[in-house]
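So this block is data.cif, mmCIF, C-alpha atoms:
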```
data_data
loop_
_atom_site.group_PDB
_atom_site.id
_atom_site.type_symbol
_atom_site.label_atom_id
_atom_site.label_comp_id
_atom_site.auth_asym_id
_atom_site.auth_seq_id
_atom_site.Cartn_x
_atom_site.Cartn_y
_atom_site.Cartn_z
ATOM 1 C CA MET A 1 18.517 22.369 -21.702
ATOM 2 C CA ASN A 2 20.909 21.185 -24.364
ATOM 3 C CA MET A 3 18.865 18.724 -26.436
ATOM 4 C CA ASN A 4 22.032 16.994 -27.662
ATOM 5 C CA LYS A 5 22.174 15.264 -24.284
ATOM 6 C CA SER A 6 20.523 11.864 -23.982
ATOM 7 C CA LYS A 7 17.783 10.916 -21.545
ATOM 8 C CA GLY A 8 20.259 8.641 -19.743
ATOM 9 C CA PHE A 9 22.777 11.470 -19.452
ATOM 10 C CA ILE A 10 20.188 13.836 -17.929
ATOM 11 C CA GLU A 11 18.990 11.093 -15.542
ATOM 12 C CA ALA A 12 22.586 10.512 -14.408
ATOM 13 C CA GLU A 13 23.128 14.275 -13.938
ATOM 14 C CA ILE A 14 20.038 14.477 -11.704
ATOM 15 C CA SER A 15 21.222 11.466 -9.650
ATOM 16 C CA LYS A 16 24.660 13.052 -9.223
ATOM 17 C CA ALA A 17 23.222 16.448 -8.223
ATOM 18 C CA ILE A 18 20.798 14.956 -5.685
ATOM 19 C CA THR A 19 23.596 12.852 -4.148
ATOM 20 C CA GLN A 20 25.698 16.026 -3.847
ATOM 21 C CA TRP A 21 22.740 17.888 -2.307
ATOM 22 C CA GLU A 22 22.208 15.070 0.235
ATOM 23 C CA LYS A 23 25.854 15.233 1.318
ATOM 24 C CA GLU A 24 25.831 19.029 1.668
ATOM 25 C CA PHE A 25 22.344 19.469 3.141
ATOM 26 C CA LEU A 26 21.761 16.259 5.122
ATOM 27 C CA GLY A 27 25.395 15.508 5.948
ATOM 28 C CA ARG A 28 25.449 12.097 4.260
ATOM 29 C CA GLY A 29 24.485 10.608 0.929
ATOM 30 C CA SER A 30 22.537 7.489 0.050
ATOM 31 C CA LEU A 31 24.394 4.380 -1.124
ATOM 32 C CA SER A 32 22.903 4.517 -4.614
ATOM 33 C CA VAL A 33 20.614 6.807 -6.590
ATOM 34 C CA LYS A 34 18.713 5.931 -9.775
ATOM 35 C CA THR A 35 16.693 8.514 -11.698
ATOM 36 C CA ASP A 36 14.073 7.834 -14.360
ATOM 37 C CA ILE A 37 12.300 10.366 -16.553
ATOM 38 C CA LEU A 38 8.772 9.191 -17.331
ATOM 39 C CA ARG A 39 6.417 11.516 -19.205
ATOM 40 C CA ASP A 40 6.029 14.623 -16.973
ATOM 41 C CA MET A 41 7.663 12.953 -13.951
ATOM 42 C CA ILE A 42 11.176 12.548 -12.658
ATOM 43 C CA ILE A 43 11.327 9.549 -10.328
ATOM 44 C CA VAL A 44 14.357 9.296 -8.069
ATOM 45 C CA ASN A 45 15.023 6.104 -6.110
ATOM 46 C CA LEU A 46 17.558 6.450 -3.281
ATOM 47 C CA GLN A 47 18.879 3.270 -1.643
ATOM 48 C CA GLY A 48 20.571 2.999 1.747
ATOM 49 C CA ILE A 49 19.430 6.236 3.309
ATOM 50 C CA LEU A 50 18.871 5.077 6.902
ATOM 51 C CA THR A 51 21.625 4.869 9.507
ATOM 52 C CA PRO A 52 22.036 1.693 11.611
ATOM 53 C CA ALA A 53 20.621 3.649 14.587
ATOM 54 C CA GLU A 54 17.544 4.625 12.569
ATOM 55 C CA TYR A 55 16.912 0.973 11.663
ATOM 56 C CA LEU A 56 16.931 0.138 15.393
ATOM 57 C CA VAL A 57 14.500 2.945 16.195
ATOM 58 C CA CYS A 58 12.246 1.744 13.346
ATOM 59 C CA GLU A 59 11.679 -1.590 15.096
ATOM 60 C CA THR A 60 8.766 -0.005 16.969
ATOM 61 C CA LYS A 61 5.718 1.556 15.308
ATOM 62 C CA GLU A 62 6.265 4.871 17.163
ATOM 63 C CA GLY A 63 9.935 4.890 16.202
ATOM 64 C CA MET A 64 9.142 4.160 12.557
ATOM 65 C CA LEU A 65 6.597 6.990 12.367
ATOM 66 C CA SER A 66 9.038 9.323 14.104
ATOM 67 C CA ILE A 67 11.880 8.552 11.642
ATOM 68 C CA LYS A 68 9.501 8.916 8.669
ATOM 69 C CA ARG A 69 8.301 12.299 9.964
ATOM 70 C CA ILE A 70 11.778 13.641 10.758
ATOM 71 C CA ARG A 71 13.219 12.476 7.427
ATOM 72 C CA SER A 72 10.236 13.946 5.584
ATOM 73 C CA ASP A 73 10.637 17.296 7.384
ATOM 74 C CA LEU A 74 14.347 17.355 6.479
ATOM 75 C CA ILE A 75 13.615 16.814 2.783
ATOM 76 C CA GLU A 76 10.740 19.331 2.768
ATOM 77 C CA SER A 77 13.013 21.975 4.299
ATOM 78 C CA GLY A 78 15.308 21.615 1.290
ATOM 79 C CA ILE A 79 12.598 21.442 -1.385
ATOM 80 C CA GLU A 80 13.553 24.783 -2.964
ATOM 81 C CA ASP A 81 17.113 23.484 -3.537
ATOM 82 C CA LEU A 82 15.718 20.300 -5.091
ATOM 83 C CA LYS A 83 13.379 22.226 -7.429
ATOM 84 C CA GLU A 84 16.323 24.411 -8.447
ATOM 85 C CA ILE A 85 18.431 21.312 -9.247
ATOM 86 C CA ILE A 86 15.673 19.969 -11.521
ATOM 87 C CA LEU A 87 15.190 23.345 -13.227
ATOM 88 C CA THR A 88 18.930 23.817 -13.781
ATOM 89 C CA ILE A 89 19.465 20.366 -15.284
ATOM 90 C CA THR A 90 16.244 19.974 -17.295
ATOM 91 C CA GLY A 91 15.037 23.531 -17.900
ATOM 92 C CA GLU A 92 11.661 22.428 -16.494
ATOM 93 C CA GLU A 93 9.741 23.879 -13.541
ATOM 94 C CA VAL A 94 8.540 21.486 -10.829
ATOM 95 C CA LYS A 95 4.742 21.602 -10.387
ATOM 96 C CA SER A 96 4.579 19.318 -7.353
ATOM 97 C CA PHE A 97 6.810 17.068 -5.272
ATOM 98 C CA PHE A 98 6.054 13.781 -3.504
ATOM 99 C CA THR A 99 8.315 11.621 -1.379
ATOM 100 C CA ASP A 100 8.156 8.665 0.953
ATOM 101 C CA ILE A 101 10.587 6.379 2.713
ATOM 102 C CA SER A 102 10.455 2.657 3.383
ATOM 103 C CA THR A 103 11.756 2.051 6.888
ATOM 104 C CA ARG A 104 11.901 -1.660 6.035
ATOM 105 C CA THR A 105 14.181 -1.406 2.991
ATOM 106 C CA GLY A 106 15.820 1.937 3.830
ATOM 107 C CA GLU A 107 14.959 3.454 0.469
ATOM 108 C CA ARG A 108 13.357 6.755 -0.449
ATOM 109 C CA VAL A 109 11.381 7.540 -3.570
ATOM 110 C CA MET A 110 11.086 11.136 -4.761
ATOM 111 C CA VAL A 111 8.702 12.126 -7.541
ATOM 112 C CA PHE A 112 9.002 15.514 -9.205
ATOM 113 C CA LYS A 113 5.898 16.303 -11.262
ATOM 114 C CA LEU A 114 6.656 18.819 -14.015
ATOM 115 C CA PHE A 115 4.442 21.231 -15.950
ATOM 116 C CA ASN A 116 5.542 19.662 -19.252
ATOM 117 C CA ASN A 117 6.242 16.226 -20.673
ATOM 118 C CA LEU A 118 10.050 16.111 -20.403
ATOM 119 C CA GLU A 119 10.318 12.628 -21.941
ATOM 120 C CA LYS A 120 8.916 13.969 -25.258
ATOM 121 C CA LYS A 121 11.999 16.184 -25.603
ATOM 122 C CA PHE A 122 14.264 13.180 -26.161
#
```
As structure tokens, please, write out the structure in this file.
Amino acid sequence: MNMNKSKGFIEAEISKAITQWEKEFLGRGSLSVKTDILRDMIIVNLQGILTPAEYLVCETKEGMLSIKRIRSDLIESGIEDLKEIILTITGEEVKSFFTDISTRTGERVMVFKLFNNLEKKF
């Protein structure tokens, strides 16, 4: 990674790349994406990821669990692409990945845990 780039620049690059990945892999992007680098973590907050139909389905407990599971499976199936995006932009390997979705607010949080403290590099 080019260390002349600021933390904010790298965060914006990750947001842009994940939005692009969503459009190519999932067929649609979220309304907004915000990325934060914190110690050895990259935290990505995606707003507006659910479709109007998904919100309707989420009105029941079974529907909500179903949407969560399907959305989670979709993301997991593309995890190698996501790890590659992080590696390409930051030069850091992803150690582990966590994600969850709020069916109430329609936002997803992704956490990429790295082997090294990326924030220290800035």
### Query
So what does the PyMOL selection byres ((chain A and resi 78) around 12) actually pick up in this one, as a ChimeraX atom specification?
/A:18,21-22,24-26,71-77,79-85,97
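Using the PyMOL selection byres ((chain A and resi 90) around 8) on this structure selects A:Met1, A:Ile10, A:Ile86, A:Leu87, A:Thr88, A:Ile89, A:Gly91, A:Glu92, A:Leu118.
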## Note on the structure
The residue from A:Ile101, A:Ile70, A:Ile37, A:Leu56 with the smallest atom-to-atom distance to Asn117 of chain A, counting all atoms listed in the file, is A:Ile37
## Note on the structure
Counting all atoms listed in the file, the residue among A:Lys5, A:Arg69, A:Lys34, A:Arg39 that lies closest to Asp100 of chain A is A:Arg69
### Task
Carefully work through the PyMOL selection byres ((chain A and resi 107-109) around 9) for this structure and note down the residues it includes, as a ChimeraX atom specification.
/A:30,43-50,98-106,110-111
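Rounded to one decimal, atom CA of Lys68 of chain A and atom CA of Glu54 of chain A lie 9.9 Å from each other.
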### Message
Please compute the atom CA of Met41 of chain A-atom CA of Lys121 of chain A distance, one decimal, in Å.
### Response
12.8 Å
#### Entry: Computed interatomic separation between atom CA of Lys23 of chain A and atom CA of Gly63 of chain A (Å)
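These two atoms are separated by 24.1 Å.
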### From A:Val57, A:Leu114, A:Val33, A:Ile67, residue lying nearest Ser96 of chain A [all atoms listed in the file]
A:Leu114
What box, with edges along x, y and z, holds each listed atom of segment 21-36 of chain A when 6 Å is added on every side, and can you state its centre and edge lengths in Å to one decimal, as JSON?
```
{"center_x": 20.0, "center_y": 11.9, "center_z": -4.2, "size_x": 23.8, "size_y": 27.1, "size_z": 32.3}
```
Missing atoms of segment 42-53 of chain A rebuilt to all heavy atoms, written as a short mmCIF file (atom, residue, chain, number, x, y, z; two decimals), in the coordinates of the input:
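To be explicit, this is the file written out as out-v8.cif:
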```cif
data_model
loop_
_atom_site.label_atom_id
_atom_site.label_comp_id
_atom_site.auth_asym_id
_atom_site.auth_seq_id
_atom_site.Cartn_x
_atom_site.Cartn_y
_atom_site.Cartn_z
N ILE A 42 9.81 12.99 -12.89
CA ILE A 42 11.18 12.55 -12.66
C ILE A 42 11.10 11.74 -11.37
O ILE A 42 10.70 12.26 -10.33
CB ILE A 42 12.14 13.73 -12.52
CG1 ILE A 42 12.20 14.51 -13.84
CG2 ILE A 42 13.53 13.24 -12.10
CD1 ILE A 42 12.95 15.81 -13.76
N ILE A 43 11.42 10.45 -11.47
CA ILE A 43 11.33 9.55 -10.33
C ILE A 43 12.74 9.21 -9.87
O ILE A 43 13.55 8.72 -10.65
CB ILE A 43 10.55 8.27 -10.71
CG1 ILE A 43 9.15 8.65 -11.22
CG2 ILE A 43 10.47 7.31 -9.52
CD1 ILE A 43 8.50 7.64 -12.11
N VAL A 44 13.02 9.52 -8.62
CA VAL A 44 14.36 9.30 -8.07
C VAL A 44 14.25 8.26 -6.95
O VAL A 44 13.46 8.42 -6.03
CB VAL A 44 14.96 10.61 -7.52
CG1 VAL A 44 16.40 10.38 -7.04
CG2 VAL A 44 14.92 11.71 -8.57
N ASN A 45 15.02 7.18 -7.09
CA ASN A 45 15.02 6.10 -6.11
C ASN A 45 16.37 6.12 -5.39
O ASN A 45 17.40 5.94 -6.02
CB ASN A 45 14.80 4.78 -6.84
CG ASN A 45 14.50 3.66 -5.89
OD1 ASN A 45 15.22 3.45 -4.92
ND2 ASN A 45 13.44 2.92 -6.17
N LEU A 46 16.34 6.37 -4.08
CA LEU A 46 17.56 6.45 -3.28
C LEU A 46 17.62 5.25 -2.35
O LEU A 46 16.71 5.03 -1.56
CB LEU A 46 17.56 7.74 -2.46
CG LEU A 46 17.40 9.04 -3.26
CD1 LEU A 46 15.98 9.55 -3.17
CD2 LEU A 46 18.36 10.10 -2.80
N GLN A 47 18.69 4.47 -2.47
CA GLN A 47 18.88 3.27 -1.64
C GLN A 47 19.85 3.56 -0.51
O GLN A 47 20.80 4.30 -0.69
CB GLN A 47 19.47 2.13 -2.49
CG GLN A 47 18.67 1.77 -3.71
CD GLN A 47 17.53 0.82 -3.40
OE1 GLN A 47 17.51 0.19 -2.35
NE2 GLN A 47 16.59 0.73 -4.30
N GLY A 48 19.61 2.91 0.63
CA GLY A 48 20.57 3.00 1.75
C GLY A 48 20.62 4.35 2.40
O GLY A 48 21.69 4.90 2.62
N ILE A 49 19.44 4.89 2.72
CA ILE A 49 19.43 6.24 3.31
C ILE A 49 19.38 6.24 4.83
O ILE A 49 19.66 7.24 5.45
CB ILE A 49 18.28 7.10 2.75
CG1 ILE A 49 16.93 6.53 3.15
CG2 ILE A 49 18.40 7.28 1.26
CD1 ILE A 49 15.83 7.54 3.06
N LEU A 50 18.99 5.11 5.44
CA LEU A 50 18.87 5.08 6.90
C LEU A 50 20.19 4.68 7.56
O LEU A 50 20.94 3.87 7.03
CB LEU A 50 17.78 4.10 7.33
CG LEU A 50 16.34 4.45 6.96
CD1 LEU A 50 15.39 3.37 7.48
CD2 LEU A 50 15.94 5.80 7.51
N THR A 51 20.44 5.24 8.73
CA THR A 51 21.62 4.87 9.51
C THR A 51 21.29 3.60 10.31
O THR A 51 20.11 3.29 10.52
CB THR A 51 21.99 5.99 10.50
OG1 THR A 51 20.93 6.12 11.45
CG2 THR A 51 22.23 7.32 9.79
N PRO A 52 22.30 2.87 10.77
CA PRO A 52 22.04 1.69 11.61
C PRO A 52 21.18 2.05 12.83
O PRO A 52 20.28 1.29 13.21
CB PRO A 52 23.44 1.23 12.02
CG PRO A 52 24.31 1.65 10.87
CD PRO A 52 23.73 2.98 10.43
N ALA A 53 21.41 3.21 13.43
CA ALA A 53 20.62 3.65 14.59
C ALA A 53 19.15 3.85 14.21
O ALA A 53 18.26 3.48 14.96
CB ALA A 53 21.20 4.94 15.16
#
```
